[in-house]
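Participant: Input structure: coords.pdb, which contains PDB, C-alpha atoms and all ligand atoms.
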```
ATOM      1  CA  MET D 145      -2.204  -3.478  19.228
ATOM      2  CA  GLY D 146      -2.686  -2.228  15.721
ATOM      3  CA  ASN D 147      -1.880   0.349  13.098
ATOM      4  CA  THR D 148      -3.542   3.523  11.900
ATOM      5  CA  PHE D 149      -4.060   4.607   8.320
ATOM      6  CA  GLY D 150      -5.026   8.253   8.501
ATOM      7  CA  GLY D 151      -7.205  10.154   6.092
ATOM      8  CA  GLY D 152      -5.526  13.514   6.581
ATOM      9  CA  GLY D 153      -8.180  14.742   8.978
ATOM     10  CA  GLU D 154     -10.308  13.194  11.660
ATOM     11  CA  GLU D 155     -11.048  10.157   9.573
ATOM     12  CA  SER D 156      -8.833   7.148   9.975
ATOM     13  CA  LEU D 157      -8.783   3.437   9.505
ATOM     14  CA  TYR D 158      -7.502   1.612  12.558
ATOM     15  CA  LEU D 159      -6.659  -2.028  11.915
ATOM     16  CA  SER D 160      -5.420  -4.739  14.216
ATOM     17  CA  ASN D 161      -2.030  -6.209  13.353
ATOM     18  CA  GLY D 162      -3.724  -9.145  11.647
ATOM     19  CA  GLY D 163      -6.130  -6.804   9.898
ATOM     20  CA  THR D 164      -3.233  -4.688   8.643
ATOM     21  CA  GLU D 165      -1.630  -7.796   7.215
ATOM     22  CA  ALA D 166      -4.809  -8.753   5.351
ATOM     23  CA  PHE D 167      -5.294  -5.186   4.104
ATOM     24  CA  ILE D 168      -1.795  -5.057   2.576
ATOM     25  CA  ASP D 169      -2.044  -8.655   1.336
ATOM     26  CA  VAL D 170      -5.069  -7.884  -0.815
ATOM     27  CA  LEU D 171      -3.847  -4.468  -1.958
ATOM     28  CA  MET D 172      -0.323  -5.439  -3.001
ATOM     29  CA  PRO D 173      -1.175  -7.783  -5.916
ATOM     30  CA  ALA D 174      -3.538  -5.149  -7.381
ATOM     31  CA  VAL D 175      -0.960  -2.381  -7.018
ATOM     32  CA  SER D 176       1.716  -4.644  -8.508
ATOM     33  CA  ASP D 177      -0.375  -5.478 -11.550
ATOM     34  CA  LEU D 178      -1.582  -1.928 -12.243
ATOM     35  CA  ALA D 179       1.678  -0.073 -11.564
ATOM     36  CA  ASP D 180       2.785   1.803 -14.650
ATOM     37  CA  ASP D 181       4.086   5.258 -13.746
ATOM     38  CA  GLU D 182       7.059   6.054 -11.534
ATOM     39  CA  TRP D 183       4.706   7.296  -8.825
ATOM     40  CA  ASP D 184       2.903   3.946  -8.757
ATOM     41  CA  TYR D 185       6.155   2.187  -7.861
ATOM     42  CA  ARG D 186       6.770   4.696  -5.108
ATOM     43  CA  PHE D 187       3.338   3.932  -3.696
ATOM     44  CA  ALA D 188       4.158   0.210  -3.969
ATOM     45  CA  ALA D 189       7.324   0.903  -1.953
ATOM     46  CA  LEU D 190       5.198   2.563   0.719
ATOM     47  CA  LEU D 191       3.131  -0.633   0.889
ATOM     48  CA  THR D 192       6.258  -2.783   1.252
ATOM     49  CA  LEU D 193       7.097  -0.673   4.309
ATOM     50  CA  GLN D 194       3.859  -1.903   5.890
ATOM     51  CA  ASP D 195       5.350  -5.380   6.303
ATOM     52  CA  GLN D 196       5.172  -5.909  10.049
ATOM     53  CA  SER D 197       7.378  -8.983   9.979
ATOM     54  CA  VAL D 198      10.190  -6.625   8.956
ATOM     55  CA  MET D 199       9.152  -3.309  10.496
ATOM     56  CA  GLY D 200       7.670  -4.639  13.728
ATOM     57  CA  HIS D 201       4.133  -5.378  14.816
ATOM     58  CA  GLY D 202       2.042  -2.318  15.485
ATOM     59  CA  ALA D 203       4.812  -0.169  14.027
ATOM     60  CA  VAL D 204       3.394   0.580  10.597
ATOM     61  CA  GLY D 205       0.594   2.657   9.088
ATOM     62  CA  PHE D 206       0.622   5.949   7.186
ATOM     63  CA  ASP D 207      -1.458   9.046   6.683
ATOM     64  CA  LEU D 208      -2.753  10.172   3.313
ATOM     65  CA  GLN D 209      -1.419  13.650   3.991
ATOM     66  CA  ASP D 210       2.128  12.276   4.326
ATOM     67  CA  ILE D 211       2.034  10.933   0.790
ATOM     68  CA  ALA D 212       3.734  13.022  -1.905
ATOM     69  CA  TRP D 213       0.854  13.079  -4.364
ATOM     70  CA  GLY D 214       2.563  15.407  -6.798
ATOM     71  CA  SER D 215       3.524  19.032  -7.273
ATOM     72  CA  ILE D 216       0.890  19.883  -9.860
ATOM     73  CA  ALA D 217      -2.829  19.174  -9.903
ATOM     74  CA  VAL D 218      -2.780  16.815 -12.863
ATOM     75  CA  GLU D 219      -0.137  14.639 -11.180
ATOM     76  CA  ARG D 220      -2.075  14.557  -7.931
ATOM     77  CA  ALA D 221      -5.284  13.595  -9.712
ATOM     78  CA  ARG D 222      -3.504  10.817 -11.581
ATOM     79  CA  ALA D 223      -1.883   9.476  -8.408
ATOM     80  CA  LYS D 224      -5.168   9.472  -6.528
ATOM     81  CA  ASP D 225      -6.862   7.764  -9.452
ATOM     82  CA  PHE D 226      -4.185   5.061  -9.419
ATOM     83  CA  VAL D 227      -4.807   4.327  -5.738
ATOM     84  CA  LEU D 228      -8.559   4.195  -6.304
ATOM     85  CA  ARG D 229      -8.169   1.871  -9.290
ATOM     86  CA  ALA D 230      -5.956  -0.426  -7.209
ATOM     87  CA  ILE D 231      -8.511  -0.511  -4.390
ATOM     88  CA  THR D 232     -11.284  -1.302  -6.863
ATOM     89  CA  LEU D 233      -9.256  -4.104  -8.428
ATOM     90  CA  ALA D 234      -8.375  -5.502  -4.988
ATOM     91  CA  SER D 235     -12.048  -5.377  -4.035
ATOM     92  CA  SER D 236     -12.835  -7.709  -6.933
ATOM     93  CA  ARG D 237     -10.848 -10.330  -5.001
ATOM     94  CA  HIS D 238      -8.050 -10.025  -7.518
ATOM     95  CA  ARG D 239      -5.578 -12.898  -6.850
ATOM     96  CA  TRP D 240      -6.976 -13.535  -3.381
ATOM     97  CA  SER D 241      -6.775 -17.225  -4.221
ATOM     98  CA  GLU D 242      -2.988 -16.916  -4.049
ATOM     99  CA  LEU D 243      -3.124 -16.050  -0.373
ATOM    100  CA  SER D 244      -2.913 -18.944   1.988
ATOM    101  CA  TYR D 245      -6.077 -17.865   3.790
ATOM    102  CA  ASP D 246      -9.388 -16.135   3.248
ATOM    103  CA  PRO D 247      -9.286 -12.570   4.583
ATOM    104  CA  PRO D 248     -12.812 -12.210   5.977
ATOM    105  CA  PHE D 249     -12.814  -8.475   6.706
ATOM    106  CA  ALA D 250     -10.603  -7.275   3.878
ATOM    107  CA  LEU D 251     -13.520  -6.123   1.738
ATOM    108  CA  ASP D 252     -14.680  -3.900   4.567
ATOM    109  CA  TYR D 253     -11.167  -2.476   5.059
ATOM    110  CA  LEU D 254     -10.926  -1.716   1.340
ATOM    111  CA  ARG D 255     -14.356  -0.085   1.311
ATOM    112  CA  ARG D 256     -13.435   2.171   4.229
ATOM    113  CA  PHE D 257     -10.012   3.019   2.802
ATOM    114  CA  LYS D 258     -11.557   3.814  -0.560
ATOM    115  CA  ALA D 259     -14.061   6.202   1.020
ATOM    116  CA  MET D 260     -11.194   7.909   2.823
ATOM    117  CA  VAL D 261      -9.110   8.299  -0.342
ATOM    118  CA  GLU D 262     -12.118   9.518  -2.317
ATOM    119  CA  SER D 263     -12.862  12.299   0.126
ATOM    120  CA  PHE D 264      -9.202  13.247   0.563
ATOM    121  CA  VAL D 265      -7.974  16.302  -1.345
ATOM    122  CA  PRO D 266      -4.239  15.899  -2.017
ATOM    123  CA  SER D 267      -2.306  19.115  -1.642
ATOM    124  CA  ASP D 268       0.948  20.334  -3.090
ATOM    125  CA  ASP D 269       3.777  18.128  -1.814
ATOM    126  CA  VAL D 270       6.508  20.747  -2.005
ATOM    127  CA  HIS D 271       6.740  21.169   1.750
ATOM    128  CA  LEU D 272       6.391  17.523   2.604
ATOM    129  CA  VAL D 273       9.175  16.069   4.730
ATOM    130  CA  GLY D 274      10.133  12.424   4.504
ATOM    131  CA  GLY D 275       7.841   9.461   4.877
ATOM    132  CA  PHE D 276       6.959   8.772   1.274
ATOM    133  CA  PRO D 277       9.524   6.755  -0.740
ATOM    134  CA  GLY D 278      11.323   8.905  -3.292
ATOM    135  CA  PRO D 279      11.890   8.019  -6.952
ATOM    136  CA  ASP D 280      15.123   6.223  -6.052
ATOM    137  CA  GLU D 281      13.344   4.160  -3.429
ATOM    138  CA  ARG D 282      10.532   2.933  -5.612
ATOM    139  CA  ALA D 283       9.770  -0.773  -5.652
ATOM    140  CA  VAL D 284      10.830  -1.971  -9.071
ATOM    141  CA  ALA D 285      11.711  -5.576  -8.383
ATOM    142  CA  SER D 286       9.107  -8.244  -8.642
ATOM    143  CA  CYS D 287       9.287 -11.354  -6.505
ATOM    144  CA  PRO D 288       9.616 -14.183  -9.057
ATOM    145  CA  GLN D 289       7.686 -16.556  -6.874
ATOM    146  CA  HIS D 290       4.760 -14.392  -5.800
ATOM    147  CA  ARG D 291       4.684 -11.867  -8.644
ATOM    148  CA  VAL D 292       4.267  -8.847  -6.416
ATOM    149  CA  LEU D 293       6.499  -5.804  -6.238
ATOM    150  CA  SER D 294       9.023  -5.973  -3.471
ATOM    151  CA  ALA D 295      11.791  -3.992  -1.867
ATOM    152  CA  LEU D 296      14.320  -6.339  -3.451
ATOM    153  CA  PRO D 297      17.252  -6.294  -3.412
ATOM    154  CA  ARG D 298      17.223  -4.372  -0.135
ATOM    155  CA  TRP D 299      15.134  -7.093   1.436
ATOM    156  CA  GLU D 300      15.466 -10.754   0.710
ATOM    157  CA  GLY D 301      11.930 -11.316  -0.403
ATOM    158  CA  CYS D 302       8.463  -9.902  -0.865
ATOM    159  CA  PHE D 303       5.921  -9.671   1.943
ATOM    160  CA  LEU D 304       4.602 -13.139   1.153
ATOM    161  CA  CYS D 305       8.106 -14.606   1.242
ATOM    162  CA  THR D 306       8.764 -13.203   4.701
ATOM    163  CA  ARG D 307       5.376 -14.376   5.930
ATOM    164  CA  LEU D 308       5.602 -17.860   4.560
ATOM    165  CA  GLY D 309       9.275 -18.284   5.354
ATOM    166  CA  GLN D 310      10.175 -19.022   1.744
ATOM    167  CA  TRP D 311      13.443 -17.169   1.395
TER     168      TRP D 311
HETATM  169 ZN    ZN U   1       7.740 -13.566  -2.608
END
```
Please express the file's structure as structure tokens.
Facilitator:
Amino acid sequence: MGNTFGGGGEESLYLSNGGTEAFIDVLMPAVSDLADDEWDYRFAALLTLQDQSVMGHGAVGFDLQDIAWGSIAVERARAKDFVLRAITLASSRHRWSELSYDPPFALDYLRRFKAMVESFVPSDDVHLVGGFPGPDERAVASCPQHRVLSALPRWEGCFLCTRLGQW
């Protein structure tokens, strides 16, 4: 059982449940540290929704075409650039030492996801329905213990808290 991260077309990244966990684990600290614009915190919220210990195993994943990239070209370009910068930072093993394990395939996941994002052309999000967290749902709280953005106060902890049972 696993989860699919779609590239808007035929391309997709299918990860096992454990692989999904590693993928989000390495991406979240980079996204948390780079987040600056409102959109970035909405993307962070989308990542918090990938927490299988809350959402259910094999019940997560998203498609790039379901992301609200922005209504005008300059917004879409900036949003896509943010995601690419986060992937690049994550690929430098940014804060991987804070994880309680070494994610052996994470670099490969990031490389494949990056290629998918690079080739994806975000379109106008005017007609998009649901899926992507709105401005009011953005992840603004930071877990004091793990220093990653979380869905606090809606959830009791960040993805590392739930994993490690440190509520
Ligand atoms: Zn935490």
Participant: Expressed in Å to a single decimal, how great is the separation between atom CA of Glu154 of chain D and atom CA of Asp252 of chain D?
Facilitator: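 Between atom CA of Glu154 of chain D and atom CA of Asp252 of chain D the gap is 19.0 Å.
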Participant: Residues near Ala234 of chain D, anyone? I mean within 12 Å using only C-alpha atoms, not counting same-chain ones fewer than 2 positions away, as a compact mmCIF listing (two decimals) with C-alpha atoms, in the frame of the given file.
Facilitator:
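Saved file around15.txt follows:
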```txt
# COMPACT_ATOMS: atom_id res chain seq x y z
CA ALA D 166 -4.81 -8.75 5.35
CA PHE D 167 -5.29 -5.19 4.10
CA ILE D 168 -1.80 -5.06 2.58
CA ASP D 169 -2.04 -8.65 1.34
CA VAL D 170 -5.07 -7.88 -0.82
CA LEU D 171 -3.85 -4.47 -1.96
CA MET D 172 -0.32 -5.44 -3.00
CA PRO D 173 -1.18 -7.78 -5.92
CA ALA D 174 -3.54 -5.15 -7.38
CA VAL D 175 -0.96 -2.38 -7.02
CA SER D 176 1.72 -4.64 -8.51
CA ASP D 177 -0.38 -5.48 -11.55
CA LEU D 178 -1.58 -1.93 -12.24
CA VAL D 227 -4.81 4.33 -5.74
CA LEU D 228 -8.56 4.20 -6.30
CA ARG D 229 -8.17 1.87 -9.29
CA ALA D 230 -5.96 -0.43 -7.21
CA ILE D 231 -8.51 -0.51 -4.39
CA THR D 232 -11.28 -1.30 -6.86
CA SER D 236 -12.84 -7.71 -6.93
CA ARG D 237 -10.85 -10.33 -5.00
CA HIS D 238 -8.05 -10.02 -7.52
CA ARG D 239 -5.58 -12.90 -6.85
CA TRP D 240 -6.98 -13.54 -3.38
CA SER D 241 -6.78 -17.23 -4.22
CA PRO D 247 -9.29 -12.57 4.58
CA ALA D 250 -10.60 -7.28 3.88
CA LEU D 251 -13.52 -6.12 1.74
CA ASP D 252 -14.68 -3.90 4.57
CA TYR D 253 -11.17 -2.48 5.06
CA LEU D 254 -10.93 -1.72 1.34
CA ARG D 255 -14.36 -0.08 1.31
CA PHE D 257 -10.01 3.02 2.80
CA LYS D 258 -11.56 3.81 -0.56
```
Participant: Within 10 Å of Asp195 of chain D, counting only C-alpha atoms, which residues show up once you throw out same-chain ones fewer than 5 positions away? Write them as a ChimeraX atom specification, please.
Facilitator: /D:164-165,168-169,190,200-201,203-205,302-304,306-307
Participant: As a short mmCIF file (atom, residue, chain, number, x, y, z; two decimals) with C-alpha atoms, in the coordinates of the input, please: every protein or nucleic acid residue near ligand ZN 1 (chain U) (cut-off 9 Å, counting all atoms listed in the file).
Facilitator:
```cif
data_model
loop_
_atom_site.label_atom_id
_atom_site.label_comp_id
_atom_site.auth_asym_id
_atom_site.auth_seq_id
_atom_site.Cartn_x
_atom_site.Cartn_y
_atom_site.Cartn_z
CA SER D 286 9.11 -8.24 -8.64
CA CYS D 287 9.29 -11.35 -6.50
CA PRO D 288 9.62 -14.18 -9.06
CA GLN D 289 7.69 -16.56 -6.87
CA HIS D 290 4.76 -14.39 -5.80
CA ARG D 291 4.68 -11.87 -8.64
CA VAL D 292 4.27 -8.85 -6.42
CA LEU D 293 6.50 -5.80 -6.24
CA SER D 294 9.02 -5.97 -3.47
CA GLU D 300 15.47 -10.75 0.71
CA GLY D 301 11.93 -11.32 -0.40
CA CYS D 302 8.46 -9.90 -0.86
CA PHE D 303 5.92 -9.67 1.94
CA LEU D 304 4.60 -13.14 1.15
CA CYS D 305 8.11 -14.61 1.24
CA THR D 306 8.76 -13.20 4.70
CA ARG D 307 5.38 -14.38 5.93
CA LEU D 308 5.60 -17.86 4.56
CA GLN D 310 10.18 -19.02 1.74
CA TRP D 311 13.44 -17.17 1.40
#
```
Participant: Atom CA of Lys224 of chain D to atom CA of Leu243 of chain D: how many Å, to one decimal?
Facilitator: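 Distance reported for this atom pair: 26.3 Å.
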Participant: Atom CA of Met260 of chain D and atom CA of Ala285 of chain D are how many Å apart?
Facilitator: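 Between atom CA of Met260 of chain D and atom CA of Ala285 of chain D the gap is 28.8 Å.
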Participant: When you look at Ser267 of chain D with a cut-off of 10 Å (counting only C-alpha atoms), what residues show up, excluding the ones that are within fewer than 2 positions of it in the same chain? I need them as a ChimeraX atom specification.
Facilitator: /D:209,211-217,220,264-265,269-272
Participant: Would you please work out which residue, of D:Glu155, D:Asp184, D:Asp225, D:Asp246, is nearest to Pro279 of chain D when using all atoms listed in the file?
Facilitator: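 Result for the nearest residue to Pro279 of chain D: D:Asp184.
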Participant: Between D:Phe187, D:Pro248, D:Glu262, D:Asn147, which one has atoms that come closest to Gly275 of chain D, using all atoms listed in the file?
Facilitator: D:Phe187
Participant: Take every atom of segment 264-280 of chain D listed in the file, fit an axis-aligned box around them, add 4 Å per side, and give the centre and edge lengths in Å to one decimal as lines of an AutoDock Vina configuration file.
Facilitator:
```
center_x = 3.0
center_y = 13.7
center_z = -1.0
size_x = 32.3
size_y = 22.9
size_z = 19.8
```
Participant: D:Phe249, D:Asp180, D:Ala221, D:Phe206: which is nearest Thr192 of chain D, counting only C-alpha atoms?
Facilitator: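 Nearest to Thr192 of chain D: D:Phe206.
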Participant: Check the smallest atom-to-atom distance from each of D:Ala223, D:Asp268, D:Leu157, D:Gly151 to Ala179 of chain D using only C-alpha atoms, then report the winner.
Facilitator: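 Selected residue with least distance to Ala179 of chain D: D:Ala223.
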Participant: Carefully work through the PyMOL selection byres (((chain D and resi 158) around 7) and not hetatm) for this structure and note down the residues it includes, as a compact mmCIF listing (two decimals) with C-alpha atoms, keeping the file's coordinate frame.
Facilitator:
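Writing done, so here's result.txt:
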```
# COMPACT_ATOMS: atom_id res chain seq x y z
CA GLY D 146 -2.69 -2.23 15.72
CA ASN D 147 -1.88 0.35 13.10
CA THR D 148 -3.54 3.52 11.90
CA PHE D 149 -4.06 4.61 8.32
CA SER D 156 -8.83 7.15 9.98
CA LEU D 157 -8.78 3.44 9.51
CA LEU D 159 -6.66 -2.03 11.92
CA SER D 160 -5.42 -4.74 14.22
```
Participant: When you count all atoms listed in the file, which of these residues is closest to Val284 of chain D: D:Ala188, D:Ala259, D:Leu208, D:Met145?
Facilitator: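 With all atoms listed in the file as the atom set, the closest residue is D:Ala188.
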Participant: Between D:Gly150, D:Pro266, D:Gly278, D:Gly162, which has the minimum distance to Ala189 of chain D (counting all atoms listed in the file)?
Facilitator: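 Ranked by minimum distance to Ala189 of chain D, first place goes to D:Gly278.
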